[in-house]
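Chemist: Got a file for you: data.cif, mmCIF, C-alpha atoms and all ligand atoms; chains and numbers go by the auth columns.
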```cif
data_data
#
loop_
_atom_site.group_PDB
_atom_site.id
_atom_site.type_symbol
_atom_site.label_atom_id
_atom_site.label_comp_id
_atom_site.label_asym_id
_atom_site.label_seq_id
_atom_site.Cartn_x
_atom_site.Cartn_y
_atom_site.Cartn_z
_atom_site.B_iso_or_equiv
_atom_site.auth_seq_id
_atom_site.auth_asym_id
ATOM 1 C CA MET A 1 0.000 0.000 0.000 0.00 916 A
ATOM 2 C CA GLY A 2 1.282 3.488 -0.809 0.00 917 A
ATOM 3 C CA LEU A 3 1.118 6.681 1.165 0.00 918 A
ATOM 4 C CA ALA A 4 -2.392 8.098 1.207 0.00 919 A
ATOM 5 C CA PHE A 5 -1.327 11.700 1.845 0.00 920 A
ATOM 6 C CA LYS A 6 1.560 13.851 0.654 0.00 921 A
ATOM 7 C CA ARG A 7 1.339 16.375 3.461 0.00 922 A
ATOM 8 C CA ALA A 8 -0.522 16.058 6.738 0.00 923 A
ATOM 9 C CA ILE A 9 -1.144 17.864 9.957 0.00 924 A
ATOM 10 C CA ILE A 10 -0.896 15.376 12.797 0.00 925 A
ATOM 11 C CA LYS A 11 -2.919 16.625 15.758 0.00 926 A
ATOM 12 C CA LEU A 12 -1.916 15.169 19.100 0.00 927 A
ATOM 13 C CA SER A 13 -3.837 16.090 22.210 0.00 928 A
ATOM 14 C CA GLY A 14 -1.888 16.775 25.366 0.00 929 A
ATOM 15 C CA GLU A 15 -3.593 13.760 26.871 0.00 930 A
ATOM 16 C CA ALA A 16 -2.034 11.501 24.228 0.00 931 A
ATOM 17 C CA LEU A 17 1.400 12.399 25.637 0.00 932 A
ATOM 18 C CA SER A 18 0.414 11.587 29.209 0.00 933 A
ATOM 19 C CA GLY A 19 -0.296 7.876 28.731 0.00 934 A
ATOM 20 C CA GLY A 20 -3.430 6.747 30.631 0.00 935 A
ATOM 21 C CA LYS A 21 -2.697 9.308 33.376 0.00 936 A
ATOM 22 C CA GLY A 22 -4.343 12.334 31.739 0.00 937 A
ATOM 23 C CA HIS A 23 -1.751 14.615 33.308 0.00 938 A
ATOM 24 C CA GLY A 24 1.938 15.258 32.670 0.00 939 A
ATOM 25 C CA LEU A 25 4.233 13.430 30.278 0.00 940 A
ATOM 26 C CA ASP A 26 4.901 9.717 29.816 0.00 941 A
ATOM 27 C CA ASP A 27 8.344 9.102 28.302 0.00 942 A
ATOM 28 C CA LYS A 28 7.616 5.636 26.927 0.00 943 A
ATOM 29 C CA VAL A 29 4.304 6.645 25.360 0.00 944 A
ATOM 30 C CA ILE A 30 5.903 9.711 23.747 0.00 945 A
ATOM 31 C CA GLU A 31 8.778 7.638 22.400 0.00 946 A
ATOM 32 C CA ASN A 32 6.359 5.189 20.816 0.00 947 A
ATOM 33 C CA ILE A 33 4.334 7.963 19.194 0.00 948 A
ATOM 34 C CA CYS A 34 7.547 9.516 17.863 0.00 949 A
ATOM 35 C CA LYS A 35 8.706 6.175 16.444 0.00 950 A
ATOM 36 C CA SER A 36 5.490 5.999 14.423 0.00 951 A
ATOM 37 C CA ILE A 37 5.911 9.604 13.285 0.00 952 A
ATOM 38 C CA LYS A 38 9.471 8.791 12.195 0.00 953 A
ATOM 39 C CA GLU A 39 8.266 5.779 10.237 0.00 954 A
ATOM 40 C CA VAL A 40 5.591 7.750 8.406 0.00 955 A
ATOM 41 C CA HIS A 41 8.087 10.536 7.758 0.00 956 A
ATOM 42 C CA GLU A 42 10.528 8.053 6.235 0.00 957 A
ATOM 43 C CA LEU A 43 7.790 6.914 3.857 0.00 958 A
ATOM 44 C CA GLY A 44 7.900 10.464 2.499 0.00 959 A
ATOM 45 C CA MET A 45 4.907 12.149 4.075 0.00 960 A
ATOM 46 C CA GLY A 46 5.357 15.880 4.803 0.00 961 A
ATOM 47 C CA ILE A 47 4.490 16.360 8.455 0.00 962 A
ATOM 48 C CA ALA A 48 3.533 19.234 10.694 0.00 963 A
ATOM 49 C CA ILE A 49 2.371 18.476 14.202 0.00 964 A
ATOM 50 C CA VAL A 50 -0.104 20.558 16.170 0.00 965 A
ATOM 51 C CA VAL A 51 0.069 19.608 19.808 0.00 966 A
ATOM 52 C CA GLY A 52 -2.510 20.298 22.510 0.00 967 A
ATOM 53 C CA GLY A 53 -1.934 21.133 26.142 0.00 968 A
ATOM 54 C CA GLY A 54 -4.749 19.504 28.063 0.00 969 A
ATOM 55 C CA ASN A 55 -2.253 17.382 30.016 0.00 970 A
ATOM 56 C CA PHE A 56 -1.189 20.597 31.766 0.00 971 A
ATOM 57 C CA TRP A 57 -4.002 23.107 31.573 0.00 972 A
ATOM 58 C CA ARG A 58 -7.275 23.804 29.793 0.00 973 A
ATOM 59 C CA GLY A 59 -8.365 27.428 29.671 0.00 974 A
ATOM 60 C CA ARG A 60 -12.039 26.725 30.079 0.00 975 A
ATOM 61 C CA SER A 61 -11.531 24.568 33.180 0.00 976 A
ATOM 62 C CA SER A 62 -10.808 27.458 35.531 0.00 977 A
ATOM 63 C CA GLU A 63 -13.522 29.449 37.264 0.00 978 A
ATOM 64 C CA ASN A 64 -11.252 31.811 39.181 0.00 979 A
ATOM 65 C CA ILE A 65 -9.064 33.110 36.366 0.00 980 A
ATOM 66 C CA ASP A 66 -10.334 35.226 33.503 0.00 981 A
ATOM 67 C CA ARG A 67 -10.550 33.258 30.292 0.00 982 A
ATOM 68 C CA PRO A 68 -7.842 35.048 28.244 0.00 983 A
ATOM 69 C CA THR A 69 -5.307 34.613 31.056 0.00 984 A
ATOM 70 C CA SER A 70 -6.319 31.012 31.522 0.00 985 A
ATOM 71 C CA ASP A 71 -6.039 30.396 27.779 0.00 986 A
ATOM 72 C CA ASN A 72 -2.566 31.952 27.730 0.00 987 A
ATOM 73 C CA MET A 73 -1.579 29.440 30.415 0.00 988 A
ATOM 74 C CA GLY A 74 -3.012 26.661 28.227 0.00 989 A
ATOM 75 C CA MET A 75 -1.039 27.833 25.213 0.00 990 A
ATOM 76 C CA LEU A 76 2.176 27.844 27.216 0.00 991 A
ATOM 77 C CA GLY A 77 1.415 24.234 28.164 0.00 992 A
ATOM 78 C CA THR A 78 1.377 23.299 24.487 0.00 993 A
ATOM 79 C CA VAL A 79 4.896 24.729 24.134 0.00 994 A
ATOM 80 C CA ILE A 80 6.157 22.338 26.819 0.00 995 A
ATOM 81 C CA ASN A 81 4.637 19.492 24.799 0.00 996 A
ATOM 82 C CA ALA A 82 6.124 20.790 21.543 0.00 997 A
ATOM 83 C CA LEU A 83 9.618 20.864 23.050 0.00 998 A
ATOM 84 C CA ARG A 84 9.121 17.411 24.537 0.00 999 A
ATOM 85 C CA LEU A 85 8.108 15.985 21.163 0.00 1000 A
ATOM 86 C CA GLN A 86 11.051 17.707 19.502 0.00 1001 A
ATOM 87 C CA ALA A 87 13.453 16.131 21.993 0.00 1002 A
ATOM 88 C CA SER A 88 12.137 12.623 21.317 0.00 1003 A
ATOM 89 C CA LEU A 89 12.026 13.024 17.554 0.00 1004 A
ATOM 90 C CA GLU A 90 15.581 14.362 17.480 0.00 1005 A
ATOM 91 C CA ASN A 91 16.744 11.466 19.696 0.00 1006 A
ATOM 92 C CA LEU A 92 15.405 9.227 16.951 0.00 1007 A
ATOM 93 C CA GLY A 93 17.337 11.191 14.318 0.00 1008 A
ATOM 94 C CA VAL A 94 14.402 13.116 12.856 0.00 1009 A
ATOM 95 C CA ASP A 95 15.177 16.693 11.861 0.00 1010 A
ATOM 96 C CA THR A 96 12.628 19.045 13.444 0.00 1011 A
ATOM 97 C CA ARG A 97 11.743 22.682 14.008 0.00 1012 A
ATOM 98 C CA VAL A 98 9.409 24.067 16.641 0.00 1013 A
ATOM 99 C CA GLN A 99 7.479 27.199 15.685 0.00 1014 A
ATOM 100 C CA THR A 100 5.366 29.025 18.241 0.00 1015 A
ATOM 101 C CA ALA A 101 2.413 31.317 17.641 0.00 1016 A
ATOM 102 C CA ILE A 102 3.400 33.345 20.705 0.00 1017 A
ATOM 103 C CA THR A 103 6.875 34.683 20.029 0.00 1018 A
ATOM 104 C CA MET A 104 9.576 33.324 22.336 0.00 1019 A
ATOM 105 C CA GLN A 105 12.666 33.457 20.216 0.00 1020 A
ATOM 106 C CA ALA A 106 15.047 32.127 22.837 0.00 1021 A
ATOM 107 C CA VAL A 107 13.059 28.896 22.838 0.00 1022 A
ATOM 108 C CA ALA A 108 11.787 28.359 19.300 0.00 1023 A
ATOM 109 C CA GLU A 109 11.225 30.012 15.944 0.00 1024 A
ATOM 110 C CA PRO A 110 8.212 32.258 15.598 0.00 1025 A
ATOM 111 C CA TYR A 111 5.437 30.907 13.398 0.00 1026 A
ATOM 112 C CA ILE A 112 6.130 32.014 9.820 0.00 1027 A
ATOM 113 C CA ARG A 113 3.947 30.250 7.286 0.00 1028 A
ATOM 114 C CA ARG A 114 6.353 30.294 4.359 0.00 1029 A
ATOM 115 C CA LYS A 115 9.213 29.121 6.554 0.00 1030 A
ATOM 116 C CA ALA A 116 7.113 26.266 7.890 0.00 1031 A
ATOM 117 C CA ILE A 117 6.376 25.122 4.335 0.00 1032 A
ATOM 118 C CA ARG A 118 10.060 25.380 3.450 0.00 1033 A
ATOM 119 C CA HIS A 119 11.017 23.231 6.446 0.00 1034 A
ATOM 120 C CA ILE A 120 8.554 20.559 5.368 0.00 1035 A
ATOM 121 C CA GLU A 121 9.872 20.670 1.790 0.00 1036 A
ATOM 122 C CA LYS A 122 13.362 20.145 3.194 0.00 1037 A
ATOM 123 C CA GLY A 123 12.200 17.038 5.026 0.00 1038 A
ATOM 124 C CA ARG A 124 11.919 18.515 8.505 0.00 1039 A
ATOM 125 C CA VAL A 125 9.042 17.782 10.825 0.00 1040 A
ATOM 126 C CA VAL A 126 7.557 21.067 12.008 0.00 1041 A
ATOM 127 C CA ILE A 127 5.945 21.194 15.440 0.00 1042 A
ATOM 128 C CA PHE A 128 3.548 24.049 16.078 0.00 1043 A
ATOM 129 C CA GLY A 129 3.380 25.232 19.688 0.00 1044 A
ATOM 130 C CA ALA A 130 1.230 27.853 21.454 0.00 1045 A
ATOM 131 C CA GLY A 131 -1.875 26.985 19.451 0.00 1046 A
ATOM 132 C CA SER A 132 -3.075 29.851 17.294 0.00 1047 A
ATOM 133 C CA GLY A 133 -1.754 32.420 19.764 0.00 1048 A
ATOM 134 C CA LEU A 134 -5.345 33.514 20.400 0.00 1049 A
ATOM 135 C CA PRO A 135 -7.484 32.939 23.486 0.00 1050 A
ATOM 136 C CA PHE A 136 -10.926 31.330 23.061 0.00 1051 A
ATOM 137 C CA PHE A 137 -9.547 28.966 20.413 0.00 1052 A
ATOM 138 C CA SER A 138 -8.494 25.330 20.674 0.00 1053 A
ATOM 139 C CA THR A 139 -5.605 23.387 19.256 0.00 1054 A
ATOM 140 C CA ASP A 140 -8.132 21.515 17.067 0.00 1055 A
ATOM 141 C CA THR A 141 -8.994 24.868 15.502 0.00 1056 A
ATOM 142 C CA THR A 142 -5.271 25.565 15.212 0.00 1057 A
ATOM 143 C CA ALA A 143 -4.869 22.271 13.333 0.00 1058 A
ATOM 144 C CA ALA A 144 -7.584 23.357 10.894 0.00 1059 A
ATOM 145 C CA LEU A 145 -6.006 26.790 10.459 0.00 1060 A
ATOM 146 C CA ARG A 146 -2.488 25.471 9.902 0.00 1061 A
ATOM 147 C CA ALA A 147 -3.773 22.758 7.541 0.00 1062 A
ATOM 148 C CA ALA A 148 -5.356 25.461 5.388 0.00 1063 A
ATOM 149 C CA GLU A 149 -2.257 27.650 5.577 0.00 1064 A
ATOM 150 C CA ILE A 150 0.317 25.014 4.649 0.00 1065 A
ATOM 151 C CA LYS A 151 -2.044 23.264 2.201 0.00 1066 A
ATOM 152 C CA ALA A 152 -2.091 19.936 4.030 0.00 1067 A
ATOM 153 C CA ASP A 153 -4.168 17.166 2.401 0.00 1068 A
ATOM 154 C CA VAL A 154 -5.604 16.005 5.691 0.00 1069 A
ATOM 155 C CA ILE A 155 -5.670 16.382 9.453 0.00 1070 A
ATOM 156 C CA LEU A 156 -4.818 13.122 11.183 0.00 1071 A
ATOM 157 C CA LEU A 157 -6.602 13.550 14.500 0.00 1072 A
ATOM 158 C CA GLY A 158 -5.159 11.080 17.001 0.00 1073 A
ATOM 159 C CA LYS A 159 -7.578 10.403 19.852 0.00 1074 A
ATOM 160 C CA THR A 160 -7.156 8.650 23.182 0.00 1075 A
ATOM 161 C CA GLY A 161 -9.859 6.366 24.516 0.00 1076 A
ATOM 162 C CA THR A 162 -11.529 5.814 21.148 0.00 1077 A
ATOM 163 C CA ASP A 163 -10.649 4.633 17.631 0.00 1078 A
ATOM 164 C CA GLY A 164 -13.041 6.855 15.694 0.00 1079 A
ATOM 165 C CA ILE A 165 -16.344 8.697 15.969 0.00 1080 A
ATOM 166 C CA TYR A 166 -19.333 6.874 17.476 0.00 1081 A
ATOM 167 C CA ASP A 167 -23.013 7.830 17.704 0.00 1082 A
ATOM 168 C CA LYS A 168 -22.638 7.739 21.512 0.00 1083 A
ATOM 169 C CA ASP A 169 -19.797 7.224 23.960 0.00 1084 A
ATOM 170 C CA PRO A 170 -18.434 3.698 23.297 0.00 1085 A
ATOM 171 C CA ASN A 171 -16.919 3.609 26.782 0.00 1086 A
ATOM 172 C CA LYS A 172 -20.396 4.002 28.303 0.00 1087 A
ATOM 173 C CA PHE A 173 -22.700 2.267 25.812 0.00 1088 A
ATOM 174 C CA ASP A 174 -22.183 -1.277 24.504 0.00 1089 A
ATOM 175 C CA ASP A 175 -24.414 -0.606 21.499 0.00 1090 A
ATOM 176 C CA ALA A 176 -22.495 2.490 20.323 0.00 1091 A
ATOM 177 C CA VAL A 177 -21.997 2.391 16.555 0.00 1092 A
ATOM 178 C CA LYS A 178 -18.843 3.653 14.844 0.00 1093 A
ATOM 179 C CA TYR A 179 -19.124 5.806 11.745 0.00 1094 A
ATOM 180 C CA ASP A 180 -16.835 5.071 8.800 0.00 1095 A
ATOM 181 C CA ARG A 181 -17.452 8.529 7.416 0.00 1096 A
ATOM 182 C CA LEU A 182 -19.365 11.668 8.297 0.00 1097 A
ATOM 183 C CA ASN A 183 -19.733 15.124 6.873 0.00 1098 A
ATOM 184 C CA TYR A 184 -18.960 18.276 8.830 0.00 1099 A
ATOM 185 C CA ILE A 185 -22.566 19.346 9.282 0.00 1100 A
ATOM 186 C CA GLU A 186 -23.458 15.993 10.846 0.00 1101 A
ATOM 187 C CA ILE A 187 -20.779 16.529 13.493 0.00 1102 A
ATOM 188 C CA ILE A 188 -22.101 19.983 14.322 0.00 1103 A
ATOM 189 C CA ASN A 189 -25.815 19.068 14.187 0.00 1104 A
ATOM 190 C CA GLN A 190 -25.457 15.870 16.180 0.00 1105 A
ATOM 191 C CA GLY A 191 -23.181 17.599 18.713 0.00 1106 A
ATOM 192 C CA LEU A 192 -20.695 14.732 18.376 0.00 1107 A
ATOM 193 C CA GLY A 193 -18.086 16.569 20.402 0.00 1108 A
ATOM 194 C CA ILE A 194 -15.088 14.986 18.719 0.00 1109 A
ATOM 195 C CA MET A 195 -14.008 18.449 17.565 0.00 1110 A
ATOM 196 C CA ASP A 196 -15.326 21.848 18.616 0.00 1111 A
ATOM 197 C CA SER A 197 -17.635 23.644 16.211 0.00 1112 A
ATOM 198 C CA THR A 198 -15.078 26.346 15.337 0.00 1113 A
ATOM 199 C CA ALA A 199 -12.593 23.703 14.192 0.00 1114 A
ATOM 200 C CA THR A 200 -15.272 21.747 12.342 0.00 1115 A
ATOM 201 C CA SER A 201 -16.556 24.778 10.451 0.00 1116 A
ATOM 202 C CA LEU A 202 -13.059 25.917 9.518 0.00 1117 A
ATOM 203 C CA CYS A 203 -12.422 22.471 8.043 0.00 1118 A
ATOM 204 C CA MET A 204 -15.770 22.580 6.247 0.00 1119 A
ATOM 205 C CA ASP A 205 -15.201 26.031 4.765 0.00 1120 A
ATOM 206 C CA ASN A 206 -11.763 25.044 3.490 0.00 1121 A
ATOM 207 C CA ASP A 207 -12.499 21.467 2.432 0.00 1122 A
ATOM 208 C CA ILE A 208 -10.000 19.885 4.788 0.00 1123 A
ATOM 209 C CA PRO A 209 -10.662 16.189 5.460 0.00 1124 A
ATOM 210 C CA VAL A 210 -10.179 15.062 9.048 0.00 1125 A
ATOM 211 C CA LEU A 211 -9.268 11.475 9.776 0.00 1126 A
ATOM 212 C CA VAL A 212 -10.070 10.535 13.361 0.00 1127 A
ATOM 213 C CA PHE A 213 -8.202 7.495 14.658 0.00 1128 A
ATOM 214 C CA GLY A 214 -7.058 5.948 17.938 0.00 1129 A
ATOM 215 C CA ILE A 215 -3.551 6.947 19.041 0.00 1130 A
ATOM 216 C CA ASP A 216 -3.518 4.672 22.116 0.00 1131 A
ATOM 217 C CA ASN A 217 -1.823 2.270 19.724 0.00 1132 A
ATOM 218 C CA PRO A 218 0.640 4.631 17.972 0.00 1133 A
ATOM 219 C CA GLU A 219 1.116 2.172 15.086 0.00 1134 A
ATOM 220 C CA ASN A 220 -2.372 3.195 13.974 0.00 1135 A
ATOM 221 C CA LEU A 221 -0.736 6.361 12.680 0.00 1136 A
ATOM 222 C CA ILE A 222 1.238 4.261 10.187 0.00 1137 A
ATOM 223 C CA ARG A 223 -1.939 2.444 9.156 0.00 1138 A
ATOM 224 C CA VAL A 224 -3.937 5.609 8.465 0.00 1139 A
ATOM 225 C CA ALA A 225 -1.009 7.181 6.607 0.00 1140 A
ATOM 226 C CA ASN A 226 -1.015 4.104 4.378 0.00 1141 A
ATOM 227 C CA GLY A 227 -4.706 4.556 3.656 0.00 1142 A
ATOM 228 C CA GLU A 228 -6.057 1.784 5.883 0.00 1143 A
ATOM 229 C CA ASN A 229 -9.665 2.400 6.755 0.00 1144 A
ATOM 230 C CA ILE A 230 -9.492 2.049 10.535 0.00 1145 A
ATOM 231 C CA GLY A 231 -10.954 5.293 11.885 0.00 1146 A
ATOM 232 C CA THR A 232 -13.615 7.769 10.810 0.00 1147 A
ATOM 233 C CA ILE A 233 -13.095 10.150 7.911 0.00 1148 A
ATOM 234 C CA VAL A 234 -14.861 13.508 8.079 0.00 1149 A
ATOM 235 C CA LYS A 235 -15.281 15.339 4.798 0.00 1150 A
ATOM 236 C CA GLY A 236 -17.814 17.079 2.568 0.00 1151 A
ATOM 237 C CA ASP A 237 -20.356 15.169 0.473 0.00 1152 A
HETATM 238 N N1 LIG B . -5.488 27.521 23.614 0.00 1201 B
HETATM 239 C C1 LIG B . -5.839 28.802 23.226 0.00 1201 B
HETATM 240 N N2 LIG B . -5.760 29.138 21.905 0.00 1201 B
HETATM 241 C C2 LIG B . -5.382 28.252 20.943 0.00 1201 B
HETATM 242 C C3 LIG B . -5.048 26.934 21.336 0.00 1201 B
HETATM 243 C C4 LIG B . -5.115 26.594 22.675 0.00 1201 B
HETATM 244 O O1 LIG B . -6.185 29.628 24.056 0.00 1201 B
HETATM 245 O O2 LIG B . -5.316 28.626 19.752 0.00 1201 B
HETATM 246 C C5 LIG B . -5.479 27.179 25.058 0.00 1201 B
HETATM 247 C C6 LIG B . -6.850 26.819 25.616 0.00 1201 B
HETATM 248 O O3 LIG B . -6.929 27.297 26.934 0.00 1201 B
HETATM 249 C C7 LIG B . -6.821 25.306 25.617 0.00 1201 B
HETATM 250 C C8 LIG B . -5.377 25.025 25.984 0.00 1201 B
HETATM 251 O O4 LIG B . -4.651 26.050 25.299 0.00 1201 B
HETATM 252 O O5 LIG B . -7.722 24.760 26.567 0.00 1201 B
HETATM 253 C C9 LIG B . -4.862 23.655 25.577 0.00 1201 B
HETATM 254 O O6 LIG B . -5.255 23.347 24.263 0.00 1201 B
HETATM 255 P P1 LIG B . -6.356 22.208 23.946 0.00 1201 B
HETATM 256 O O7 LIG B . -7.401 22.215 25.011 0.00 1201 B
HETATM 257 O O8 LIG B . -6.804 22.392 22.551 0.00 1201 B
HETATM 258 O O9 LIG B . -5.463 20.911 24.095 0.00 1201 B
HETATM 259 P P2 LIG B . -5.846 19.361 23.929 0.00 1201 B
HETATM 260 O O10 LIG B . -7.264 19.183 24.429 0.00 1201 B
HETATM 261 O O11 LIG B . -5.728 19.039 22.474 0.00 1201 B
HETATM 262 O O12 LIG B . -4.821 18.659 24.749 0.00 1201 B
#
```
Would you mind writing the file's structure down as C-alpha cells?
Ligand code: UDP
Modeler:
Amino acid sequence: MGLAFKRAIIKLSGEALSGGKGHGLDDKVIENICKSIKEVHELGMGIAIVVGGGNFWRGRSSENIDRPTSDNMGMLGTVINALRLQASLENLGVDTRVQTAITMQAVAEPYIRRKAIRHIEKGRVVIFGAGSGLPFFSTDTTAALRAAEIKADVILLGKTGTDGIYDKDPNKFDDAVKYDRLNYIEIINQGLGIMDSTATSLCMDNDIPVLVFGIDNPENLIRVANGENIGTIVKGD
C-alpha cells in the first residue's frame, strides 16, 4: 500500500502524551508515538504536528481566572509538549523545528507560514506550539487553520480512549456504533463533540478532510497514513 497523503497535519492532544494518566508526560508513550511519526516521515509524508496542552491546563476549566489569562496558560502548556516531542524526535534522528504562535525566540522560531512550508519541503518535521496564539480557540482549531495555511491534504486527528467517531460514547454504551465517514454538518448538528464547532466549520469552509483514529496504539498512525480504513473520515459530500 502506498502513502495516502503527501502532506498532513498530525494533531496530538496533550492527553495523548500523558499515557493513561491524563496529566503530565509519559516518556515511553511519547517515544512510541515519535517512532510511528518517524516511520511515516521516512515513507515520504510531509508532516507538521499541532500539539494540545490539556495534560497541563485547559483554559475553560478554571472558574477563578479570567478566560484570556487562563487560555494563555493553556497555550504555554502546548509549548512544553512541543519541546518534549522535539526532543524525542531528534533522539530518533528526525530533523525538526518548533514554531510558536506566541513569540519566544530564545526557545523556538516564531510561526512564519512560508518558513514552515520550506522546512517541510526540506524534510523537517515542524511542530507548532502555542496553538493559534489567540485565546478562546483550541488546538483543534489551530490544526484546521495550519492545515489550510500550509495546504495539508488532511488532518490526522489522534484520539485517546476511542478509535473513531461513534453515535454515543463507546466507553459508556455497549451498542455504540462507529461511523466510517461523516460530513462536517453531521458533526455539528449531532453535537458529536469529537471536535469543537469552530474547528469543524473551519475544516468545512476550506475542504480539509479530518481522519479521526485511535492513538492509544501509535502504530495506527502508520496504518492511516497508508490509507487503511481504521478510523472515521470527516469530509464534505
Ligand atoms: N489555547 C488557546 N488558543 C489556541 C489553542 C489553545 O487559548 O489557539 C489554550 C486553551 O486554553 C486550551 C489550551 O490552550 O484549553 C490547551 O489546548 P487544547 O485544550 O486544545 O489541548 P488538547 O485538548 O488538544 O490537549
Chemist: One decimal, in Å: what's the spacing between atom CA of A:Thr1015 and atom CA of A:Val955?
Modeler: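 Distance between the two atoms: 23.4 Å.
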Chemist: Return as a PyMOL selection string every polymer residue, whether protein, DNA or RNA, with at least one atom no more than 8 Å from an atom of ligand LIG 1201 (chain B); count only C-alpha atoms and all ligand atoms.
Modeler: chain A and resi 926-931+966-976+982-983+985-993+1045-1057
Chemist: Which is closer to A:Ile945 than all the others in A:Asp1111, A:Glu1064, A:Glu1143, A:Asp1131, using only C-alpha atoms?
Modeler: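 The closest residue to A:Ile945 is A:Asp1131.
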Chemist: Once the PyMOL selection byres (((chain A and resi 999-1014) around 6) and not hetatm) has been evaluated on this model, what residues remain selected, and can you format them as a PyMOL selection string?
Modeler: chain A and resi 949+996-998+1015+1023-1026+1039-1043
Chemist: Let me make sure I understand: among A:Asn1141, A:Asn1086, A:Thr1077, A:Asn1098, which one has the smallest atom-to-atom distance to A:Val1127 if we use all atoms listed in the file?
Modeler: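 Of the candidates, the smallest distance to A:Val1127 is held by A:Thr1077.
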Chemist: Rounded to one decimal, what separation in Å do you get between atom CA of A:Gly937 and atom CA of A:Asn1144?
Modeler: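 According to the coordinates, atom CA of A:Gly937 and atom CA of A:Asn1144 are separated by 27.4 Å.
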Chemist: Quick one: residues within 8 Å of A:Asp1068, all atoms listed in the file counted, chain neighbours fewer than 2 positions away excluded, as a ChimeraX atom specification?
Modeler: /A:920-923,1062,1066,1070,1123-1124
Chemist: Let me know the residues the PyMOL selection byres (((chain A and resi 1094) around 8) and not hetatm) catches in the file above, as a ChimeraX atom specification.
Modeler: /A:1079-1082,1092-1093,1095-1097,1147
Chemist: In Å, rounded to a single decimal, give me how far atom CA of A:Ile1035 is from atom CA of A:Val1149.
Modeler: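 Atom CA of A:Val1149 sits 24.6 Å away from atom CA of A:Ile1035.
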Chemist: For a quick check of understanding, using all atoms listed in the file, which of A:Asp941, A:Asp981, A:Asp1152, A:Glu1036 has the smallest distance to A:His956?
Modeler: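 With all atoms listed in the file as the atom set, the closest residue is A:Glu1036.
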